[in-house]
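> I'd like to ask you about the structure that follows.
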Amino acid sequence: MAEVNVYYDPMGNTLTVWFGDRYSEYLCEETGDEVILMKNQKGEVIGFEKLNYRISENTNLKISLETAIPV
């Protein structure tokens with residue numbers, strides 16, 4: 001079963017999502033849209049971080065996931 005880890009940092013205003021082994025992070029690449037892609041040594045994206053992400057204190061952080069099975 002695949003594992004997704006989501007971290008919200010209200011002090012730093014960041015939302016970080018890992019869908020690969022975060023300890024295999026080798027390179028970070030900024031996309032220009034305040035999103036940073038974290039990649040492993042093979043160049044595969046294993047996570048991303050959204051900068052300047054804020055939710056109000058009265059809002060619950062809701063996450064929806066959709067899975068796809070490779071053909």
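Residues are referred to by chain and number: the chain letter is A, B, ... according to the order shown in the structure tokens, the number counts from 1 in that chain, and ligands are numbered separately from 1 in the order shown.
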Applying 8 Å and only C-alpha atoms, which residues near Arg54 (chain A) remain after dropping the ones on its own chain fewer than 3 positions away? List them as JSON, numbers by chain.
{"A": [10, 13, 14]}
> Contacts of Val6 (chain A) at 10 Å or less, counting only C-alpha atoms, minus same-chain residues fewer than 4 places along, as a PDB file with N, CA, C and O atoms, in the first residue's frame?

```pdb
ATOM      1  N   LEU A  15       2.746  23.935   2.932  1.00  0.00           N
ATOM      2  CA  LEU A  15       2.074  22.639   2.865  1.00  0.00           C
ATOM      3  C   LEU A  15       3.024  21.705   2.131  1.00  0.00           C
ATOM      4  O   LEU A  15       3.409  21.979   0.988  1.00  0.00           O
ATOM      5  N   THR A  16       3.445  20.636   2.795  1.00  0.00           N
ATOM      6  CA  THR A  16       4.393  19.703   2.209  1.00  0.00           C
ATOM      7  C   THR A  16       3.738  18.341   2.069  1.00  0.00           C
ATOM      8  O   THR A  16       3.115  17.846   3.009  1.00  0.00           O
ATOM      9  N   VAL A  17       3.871  17.751   0.899  1.00  0.00           N
ATOM     10  CA  VAL A  17       3.273  16.440   0.606  1.00  0.00           C
ATOM     11  C   VAL A  17       4.378  15.514   0.096  1.00  0.00           C
ATOM     12  O   VAL A  17       5.091  15.846  -0.855  1.00  0.00           O
ATOM     13  N   TRP A  18       4.511  14.379   0.765  1.00  0.00           N
ATOM     14  CA  TRP A  18       5.470  13.347   0.355  1.00  0.00           C
ATOM     15  C   TRP A  18       4.690  12.122  -0.102  1.00  0.00           C
ATOM     16  O   TRP A  18       3.820  11.642   0.598  1.00  0.00           O
ATOM     17  N   PHE A  19       5.007  11.602  -1.291  1.00  0.00           N
ATOM     18  CA  PHE A  19       4.420  10.343  -1.752  1.00  0.00           C
ATOM     19  C   PHE A  19       5.524   9.372  -2.149  1.00  0.00           C
ATOM     20  O   PHE A  19       5.294   8.397  -2.836  1.00  0.00           O
ATOM     21  N   GLY A  47       7.841  14.326  -3.877  1.00  0.00           N
ATOM     22  CA  GLY A  47       7.075  15.207  -3.008  1.00  0.00           C
ATOM     23  C   GLY A  47       7.076  16.625  -3.540  1.00  0.00           C
ATOM     24  O   GLY A  47       7.763  16.947  -4.506  1.00  0.00           O
ATOM     25  N   PHE A  48       6.265  17.461  -2.907  1.00  0.00           N
ATOM     26  CA  PHE A  48       6.251  18.868  -3.273  1.00  0.00           C
ATOM     27  C   PHE A  48       5.923  19.704  -2.044  1.00  0.00           C
ATOM     28  O   PHE A  48       5.357  19.222  -1.069  1.00  0.00           O
ATOM     29  N   GLU A  49       6.283  20.984  -2.130  1.00  0.00           N
ATOM     30  CA  GLU A  49       5.989  21.918  -1.052  1.00  0.00           C
ATOM     31  C   GLU A  49       5.374  23.169  -1.661  1.00  0.00           C
ATOM     32  O   GLU A  49       5.913  23.732  -2.602  1.00  0.00           O
ATOM     33  N   ILE A  63      -8.389  16.604   2.728  1.00  0.00           N
ATOM     34  CA  ILE A  63      -7.552  16.017   1.694  1.00  0.00           C
ATOM     35  C   ILE A  63      -8.329  14.907   1.015  1.00  0.00           C
ATOM     36  O   ILE A  63      -8.885  14.029   1.672  1.00  0.00           O
TER      37      ILE A  63
END
```
> Write out as a list in words the residues lying within 12 Å of Lys42 (chain A), counting only C-alpha atoms and excluding same-chain residues fewer than 6 positions away.
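Selected residues are Ser24, Glu25, Tyr26 and Leu27 of chain A.
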> Output the selection as a PDB file, in the first residue's frame - N, CA, C and O atoms for each residue.

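Generated output (out_4.pdb):
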```pdb
ATOM      1  N   SER A  24      15.090   9.952   0.665  1.00  0.00           N
ATOM      2  CA  SER A  24      15.816   9.790  -0.593  1.00  0.00           C
ATOM      3  C   SER A  24      15.848  11.098  -1.392  1.00  0.00           C
ATOM      4  O   SER A  24      16.272  11.106  -2.550  1.00  0.00           O
ATOM      5  N   GLU A  25      15.446  12.202  -0.753  1.00  0.00           N
ATOM      6  CA  GLU A  25      15.481  13.504  -1.431  1.00  0.00           C
ATOM      7  C   GLU A  25      16.913  13.826  -1.836  1.00  0.00           C
ATOM      8  O   GLU A  25      17.848  13.741  -1.053  1.00  0.00           O
ATOM      9  N   TYR A  26      17.076  14.196  -3.099  1.00  0.00           N
ATOM     10  CA  TYR A  26      18.405  14.481  -3.633  1.00  0.00           C
ATOM     11  C   TYR A  26      18.484  15.896  -4.209  1.00  0.00           C
ATOM     12  O   TYR A  26      19.513  16.549  -4.137  1.00  0.00           O
ATOM     13  N   LEU A  27      17.368  16.365  -4.769  1.00  0.00           N
ATOM     14  CA  LEU A  27      17.347  17.631  -5.478  1.00  0.00           C
ATOM     15  C   LEU A  27      16.002  18.314  -5.291  1.00  0.00           C
ATOM     16  O   LEU A  27      14.974  17.642  -5.268  1.00  0.00           O
TER      17      LEU A  27
END
```
> So which residues of chain A fall under strand (DSSP E or B) by DSSP, listed as a ChimeraX atom specification?
/A:5-9,14-18,27-30,35-39,45-50
> If you measure from CA of Thr59 (chain A) to CA of Cys28 (chain A), what distance in Å do you get, rounded to one decimal?
29.7 Å
> Between CA of Val4 (chain A) and CA of Gly20 (chain A), what distance in Å does the model show, to one decimal?
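Between CA of Val4 (chain A) and CA of Gly20 (chain A) the gap works out to 7.5 Å.
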> Kindly give the distance, in Å, that separates CA of Asp9 (chain A) and CA of Asn60 (chain A), rounded to a single decimal.
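Going from CA of Asp9 (chain A) over to CA of Asn60 (chain A) covers 13.8 Å.
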> Which residues, written as a list in words, have at least one atom at most 9 Å from Asp33 (chain A), with only C-alpha atoms counted and residues fewer than 2 positions away on the same chain left out?
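With the cut-off at 9 Å, the set is Glu30, Thr31, Val35, Ile36, Lys50 and Leu51 of chain A.
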> Next, dump the selected residues to file, keeping only N, CA and C atoms, as a PDB file, in the first residue's frame.

```pdb
ATOM      1  N   GLU A  30      12.420  24.555  -7.972  1.00  0.00           N
ATOM      2  CA  GLU A  30      11.308  25.489  -7.841  1.00  0.00           C
ATOM      3  C   GLU A  30      10.628  25.643  -9.196  1.00  0.00           C
ATOM      4  N   THR A  31       9.302  25.598  -9.197  1.00  0.00           N
ATOM      5  CA  THR A  31       8.562  25.664 -10.453  1.00  0.00           C
ATOM      6  C   THR A  31       8.247  27.094 -10.882  1.00  0.00           C
ATOM      7  N   VAL A  35       5.891  26.678  -5.783  1.00  0.00           N
ATOM      8  CA  VAL A  35       5.864  25.236  -5.542  1.00  0.00           C
ATOM      9  C   VAL A  35       7.272  24.707  -5.742  1.00  0.00           C
ATOM     10  N   ILE A  36       7.724  23.894  -4.804  1.00  0.00           N
ATOM     11  CA  ILE A  36       9.035  23.277  -4.896  1.00  0.00           C
ATOM     12  C   ILE A  36       8.842  21.770  -5.044  1.00  0.00           C
ATOM     13  N   LYS A  50       4.235  23.573  -1.135  1.00  0.00           N
ATOM     14  CA  LYS A  50       3.564  24.803  -1.561  1.00  0.00           C
ATOM     15  C   LYS A  50       3.929  25.889  -0.567  1.00  0.00           C
ATOM     16  N   LEU A  51       4.568  26.941  -1.055  1.00  0.00           N
ATOM     17  CA  LEU A  51       4.960  28.059  -0.214  1.00  0.00           C
ATOM     18  C   LEU A  51       3.802  29.043  -0.067  1.00  0.00           C
TER      19      LEU A  51
END
```
> Name the closest residue to Val45 (chain A) among the candidates A:Glu29, A:Glu57, A:Gly12, A:Asn5; distances are taken between atoms, counting only C-alpha atoms.
A:Glu29
